[in-house]
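*Asks:* My structure is in data_2.csv, and what it holds is CSV, C-alpha atoms:
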```csv
chain,number,residue,atom,x,y,z
Z,14,MET,CA,-11.5,13.8,-3.3
Z,15,GLN,CA,-11.2,17.1,-5.1
Z,16,SER,CA,-7.6,18.3,-5.2
Z,17,GLU,CA,-8.5,21.9,-4.5
Z,18,TYR,CA,-10.1,20.8,-1.2
Z,19,MET,CA,-7.0,18.8,-0.4
Z,20,PHE,CA,-4.7,21.7,-1.0
Z,21,GLN,CA,-6.9,23.9,1.3
Z,22,LEU,CA,-6.7,21.3,4.0
Z,23,LEU,CA,-2.9,21.0,3.6
Z,24,LYS,CA,-2.6,24.8,3.8
Z,25,GLN,CA,-4.7,24.8,7.0
Z,26,MET,CA,-2.6,22.0,8.4
Z,27,LYS,CA,0.6,23.9,7.8
Z,28,ASP,CA,-0.9,26.7,9.9
Z,29,GLY,CA,-1.4,24.2,12.7
Z,30,ASP,CA,-5.1,23.4,12.2
Z,31,GLN,CA,-5.7,20.0,13.8
Z,32,GLN,CA,-9.3,19.9,12.5
Z,33,ALA,CA,-7.9,20.1,8.9
Z,34,PHE,CA,-5.7,17.1,9.8
Z,35,HIS,CA,-8.7,15.1,11.0
Z,36,ALA,CA,-10.6,16.0,7.8
Z,37,LEU,CA,-7.6,14.9,5.7
Z,38,TYR,CA,-7.3,11.7,7.7
Z,39,ASP,CA,-11.0,10.9,7.2
Z,40,ALA,CA,-10.7,11.6,3.5
Z,41,THR,CA,-7.7,9.4,2.9
Z,42,TYR,CA,-8.0,6.6,5.6
Z,43,GLN,CA,-9.8,4.0,3.5
Z,44,ASP,CA,-7.5,4.3,0.5
Z,45,VAL,CA,-4.4,4.2,2.6
Z,46,TYR,CA,-5.7,1.3,4.8
Z,47,ARG,CA,-6.5,-0.8,1.7
Z,48,THR,CA,-3.0,-0.3,0.3
Z,49,VAL,CA,-1.4,-1.1,3.7
Z,50,SER,CA,-3.6,-4.2,4.1
Z,51,PHE,CA,-2.3,-5.6,0.9
Z,52,LEU,CA,1.3,-4.9,1.8
Z,53,VAL,CA,1.3,-5.8,5.5
Z,54,ASP,CA,0.0,-9.2,6.6
Z,55,HIS,CA,-1.0,-8.9,10.3
Z,56,PRO,CA,-3.8,-6.6,11.4
Z,57,GLN,CA,-1.9,-5.3,14.5
Z,58,ASP,CA,1.1,-4.4,12.3
Z,59,ARG,CA,-1.2,-2.6,9.9
Z,60,GLU,CA,-2.4,-0.3,12.7
Z,61,ASP,CA,1.2,0.5,13.6
Z,62,VAL,CA,2.1,1.3,10.0
Z,63,MET,CA,-1.0,3.4,9.6
Z,64,ASN,CA,0.0,5.4,12.7
Z,65,GLU,CA,3.5,5.9,11.4
Z,66,ILE,CA,2.2,7.1,8.0
Z,67,TYR,CA,0.0,9.8,9.5
Z,68,MET,CA,2.6,10.9,12.0
Z,69,GLN,CA,5.1,11.1,9.1
Z,70,MET,CA,2.5,13.1,7.1
Z,71,TRP,CA,2.2,15.6,9.9
Z,72,THR,CA,5.9,16.0,10.4
Z,73,SER,CA,6.9,16.1,6.8
Z,74,LEU,CA,4.2,18.5,5.7
Z,75,ALA,CA,6.7,21.2,5.1
Z,76,ASN,CA,8.4,19.1,2.5
Z,77,TYR,CA,5.3,18.6,0.4
Z,78,ASP,CA,5.8,20.1,-3.1
Z,79,THR,CA,2.4,21.6,-4.1
Z,80,ASN,CA,3.4,21.2,-7.8
Z,81,ARG,CA,3.0,17.4,-7.4
Z,82,PRO,CA,-0.3,15.6,-6.8
Z,83,PHE,CA,-1.2,15.1,-3.2
Z,84,HIS,CA,-2.1,11.4,-3.6
Z,85,PHE,CA,1.3,10.7,-5.3
Z,86,TRP,CA,3.1,12.3,-2.3
Z,87,LEU,CA,0.8,10.4,0.2
Z,88,HIS,CA,1.4,7.0,-1.5
Z,89,GLY,CA,5.2,7.7,-1.4
Z,90,LEU,CA,4.8,8.1,2.4
Z,91,VAL,CA,2.9,4.8,2.5
Z,92,ILE,CA,5.5,2.9,0.5
Z,93,ARG,CA,8.4,4.3,2.6
Z,94,GLN,CA,6.7,3.5,5.9
Z,95,VAL,CA,5.8,-0.1,4.7
Z,96,GLN,CA,9.5,-0.5,3.7
Z,97,ARG,CA,10.7,0.7,7.1
Z,98,PHE,CA,8.3,-1.6,8.8
Z,99,ARG,CA,9.6,-4.5,6.7
Z,100,VAL,CA,13.2,-3.7,7.7
Z,101,LYS,CA,12.3,-3.5,11.4
Z,102,ARG,CA,10.3,-6.7,11.1
Z,103,TRP,CA,13.2,-8.5,9.5
Z,104,ARG,CA,15.6,-7.3,12.2
Z,105,ARG,CA,13.2,-8.5,14.9
Z,106,PHE,CA,12.9,-11.9,13.1
Z,107,ARG,CA,16.6,-12.4,13.0
Z,108,ILE,CA,17.0,-11.5,16.6
Z,109,PHE,CA,14.3,-13.9,17.8
Z,110,GLU,CA,14.9,-16.6,15.2
Z,111,ARG,CA,17.2,-18.5,17.5
Z,112,ILE,CA,14.9,-18.1,20.5
Z,113,ARG,CA,11.8,-19.5,18.9
Z,114,ALA,CA,10.5,-20.8,15.6
Z,115,PHE,CA,8.8,-18.2,13.5
Z,116,THR,CA,5.3,-19.2,12.4
Z,117,ARG,CA,3.4,-17.1,10.0
Z,118,GLU,CA,-0.2,-16.5,10.8
Z,119,GLU,CA,-2.7,-16.6,8.0
Z,120,SER,CA,-3.8,-13.1,6.9
Z,121,HIS,CA,-7.0,-11.8,8.4
Z,122,TRP,CA,-9.4,-10.0,6.1
Z,123,ASP,CA,-10.9,-8.2,9.0
Z,124,GLN,CA,-12.5,-5.3,7.1
Z,125,PRO,CA,-13.7,-6.7,3.8
Z,126,SER,CA,-15.6,-3.6,2.8
Z,127,VAL,CA,-12.5,-1.5,3.1
Z,128,LEU,CA,-10.2,-4.1,1.6
Z,129,MET,CA,-12.2,-5.7,-1.1
Z,130,ASP,CA,-14.7,-3.1,-2.4
Z,131,GLY,CA,-15.8,-5.3,-5.2
Z,132,THR,CA,-12.6,-7.3,-5.6
Z,133,ASN,CA,-13.0,-11.1,-5.7
Z,134,GLN,CA,-11.6,-12.9,-2.6
Z,135,MET,CA,-9.8,-15.3,-4.8
Z,136,ILE,CA,-7.9,-12.4,-6.5
Z,137,SER,CA,-6.9,-10.9,-3.2
Z,138,GLN,CA,-5.5,-14.2,-2.0
Z,139,ALA,CA,-3.5,-14.5,-5.2
Z,140,ILE,CA,-2.2,-11.0,-4.7
Z,141,HIS,CA,-1.2,-11.9,-1.2
Z,142,LYS,CA,0.9,-14.8,-2.5
Z,143,LEU,CA,3.1,-12.5,-4.6
Z,144,THR,CA,6.5,-11.4,-3.3
Z,145,ASP,CA,6.5,-8.0,-1.4
Z,146,LYS,CA,8.1,-6.3,-4.4
Z,147,GLN,CA,5.7,-7.7,-6.9
Z,148,ARG,CA,2.7,-7.0,-4.7
Z,149,THR,CA,3.7,-3.3,-4.2
Z,150,VAL,CA,3.9,-2.8,-8.0
Z,151,ILE,CA,0.6,-4.6,-8.7
Z,152,ILE,CA,-1.2,-2.6,-5.9
Z,153,LEU,CA,0.1,0.7,-7.2
Z,154,ARG,CA,-0.8,-0.2,-10.8
Z,155,PHE,CA,-4.2,-1.7,-10.3
Z,156,PHE,CA,-5.6,-0.1,-7.2
Z,157,HIS,CA,-4.2,3.4,-7.7
Z,158,ASP,CA,-3.8,3.5,-11.5
Z,159,TYR,CA,-0.2,4.7,-11.6
Z,160,THR,CA,1.7,4.2,-14.8
Z,161,LEU,CA,4.8,2.1,-14.7
Z,162,GLU,CA,6.9,5.3,-15.0
Z,163,GLU,CA,5.1,6.8,-12.0
Z,164,ILE,CA,5.7,3.7,-10.0
Z,165,ALA,CA,9.4,3.8,-10.8
Z,166,THR,CA,9.5,7.4,-9.6
Z,167,LEU,CA,7.5,6.6,-6.5
Z,168,LEU,CA,9.6,3.6,-5.5
Z,169,ASP,CA,12.8,5.3,-6.7
Z,170,ILE,CA,13.9,2.3,-8.8
Z,171,PRO,CA,14.6,1.9,-12.5
Z,172,LEU,CA,11.7,1.5,-14.9
Z,173,GLY,CA,13.0,-1.8,-16.1
Z,174,THR,CA,12.9,-3.2,-12.6
Z,175,VAL,CA,9.3,-2.0,-12.3
Z,176,LYS,CA,8.4,-3.7,-15.6
Z,177,SER,CA,10.0,-7.0,-14.6
Z,178,ARG,CA,8.3,-7.0,-11.2
Z,179,TYR,CA,5.0,-6.1,-12.9
Z,180,HIS,CA,5.3,-8.9,-15.5
Z,181,ALA,CA,6.4,-11.4,-13.0
Z,182,GLY,CA,3.5,-10.4,-10.7
Z,183,ILE,CA,1.0,-10.8,-13.6
Z,184,GLN,CA,2.4,-14.2,-14.5
Z,185,ALA,CA,2.1,-15.3,-10.9
Z,186,LEU,CA,-1.5,-14.0,-10.7
Z,187,ARG,CA,-2.3,-16.0,-13.9
Z,188,LYS,CA,-0.8,-19.1,-12.4
Z,189,ASN,CA,-2.5,-18.7,-9.0
Z,190,ILE,CA,-5.9,-17.9,-10.5
Z,191,TRP,CA,-6.3,-20.8,-12.9
Z,192,ASN,CA,-10.0,-21.3,-11.9
Z,193,LEU,CA,-11.0,-17.7,-12.1
Z,194,PRO,CA,-14.2,-17.0,-14.1
Z,195,PRO,CA,-13.4,-16.1,-17.8
Z,196,GLU,CA,-14.6,-12.5,-17.5
Z,197,ARG,CA,-12.3,-11.8,-14.6
Z,198,MET,CA,-9.4,-13.4,-16.3
Z,199,GLU,CA,-9.9,-11.2,-19.4
Z,200,LYS,CA,-9.7,-8.2,-17.1
Z,201,ILE,CA,-6.3,-9.3,-15.7
Z,202,ASN,CA,-5.1,-10.2,-19.2
Z,203,ASP,CA,-6.0,-6.7,-20.5
Z,204,TYR,CA,-3.3,-5.3,-18.3
```
Starting from the file, lay out its structure as structure tokens.
*Replies:*
Amino acid sequence: MQSEYMFQLLKQMKDGDQQAFHALYDATYQDVYRTVSFLVDHPQDREDVMNEIYMQMWTSLANYDTNRPFHFWLHGLVIRQVQRFRVKRWRRFRIFERIRAFTREESHWDQPSVLMDGTNQMISQAIHKLTDKQRTVIILRFFHDYTLEEIATLLDIPLGTVKSRYHAGIQALRKNIWNLPPERMEKINDY
């Protein structure tokens, strides 16, 4: 989406225009949902995280620095909300751990057109097998084309940490996709 249009919507939102918020939501929903889907396993949890992201967007709009790209700011909100969700989930897990055994449901790819958009199902399953930290770096790098330096800034971690997570993630993908067609494997190896 054109950045000038986004800035106009943001300005209208700051003035309290709810229609501008709906337009911005419609323009960004698929991109945000795809990212959240790779980072949060359960569909019902994805919706909770999505709601939190857009509520946070609305409440922190005054903090948006117009000198920075909008999508960079938005993806920062996404990452922070996913991290908050993970902390809450871990706390809940520890509380109920003694009460009942925790069983992990298999991921549901309930909206393949939003999630996959040309990406091979095998690759998405391999991405889902990565650790949360590796998956976050891989998604930001390949789906949003951020440089490793930008990812370090976005996640507020050292560049070396991003590089090690990135390389470990790539190695894990190579290991998990051993029967990937050669042309797909070349694309992964290029990165």
*Asks:* May I ask which of the residues Z:His157, Z:Lys142, Z:His84, Z:Arg99 is the closest one to Z:Ile190, counting all atoms listed in the file?
*Replies:* Z:Lys142
*Asks:* I'd like to know which of Z:Ile66, Z:Trp71, Z:Tyr42, Z:Arg93 is closest to Z:Asp28, using all atoms listed in the file.
*Replies:*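 Distance minimum relative to Z:Asp28 lands on Z:Trp71.
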*Asks:* Expressed in Å to a single decimal, how great is the separation between atom CA of Z:Arg187 and atom CA of Z:Leu168?
*Replies:*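 We find that atom CA of Z:Arg187 and atom CA of Z:Leu168 lie 24.4 Å from each other.
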*Asks:* Between Z:Asp30, Z:Glu163, Z:Asp145, Z:Asp158, which one has atoms that come closest to Z:Arg178, using all atoms listed in the file?
*Replies:*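 Using all atoms listed in the file, Z:Arg178 sits closest to Z:Asp145.
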*Asks:* Using atom CA of Z:Lys188 and atom CA of Z:Glu162 as the two end points, give the distance in Å to one decimal.
*Replies:*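 One can read the atom CA of Z:Lys188 to atom CA of Z:Glu162 distance as 25.7 Å.
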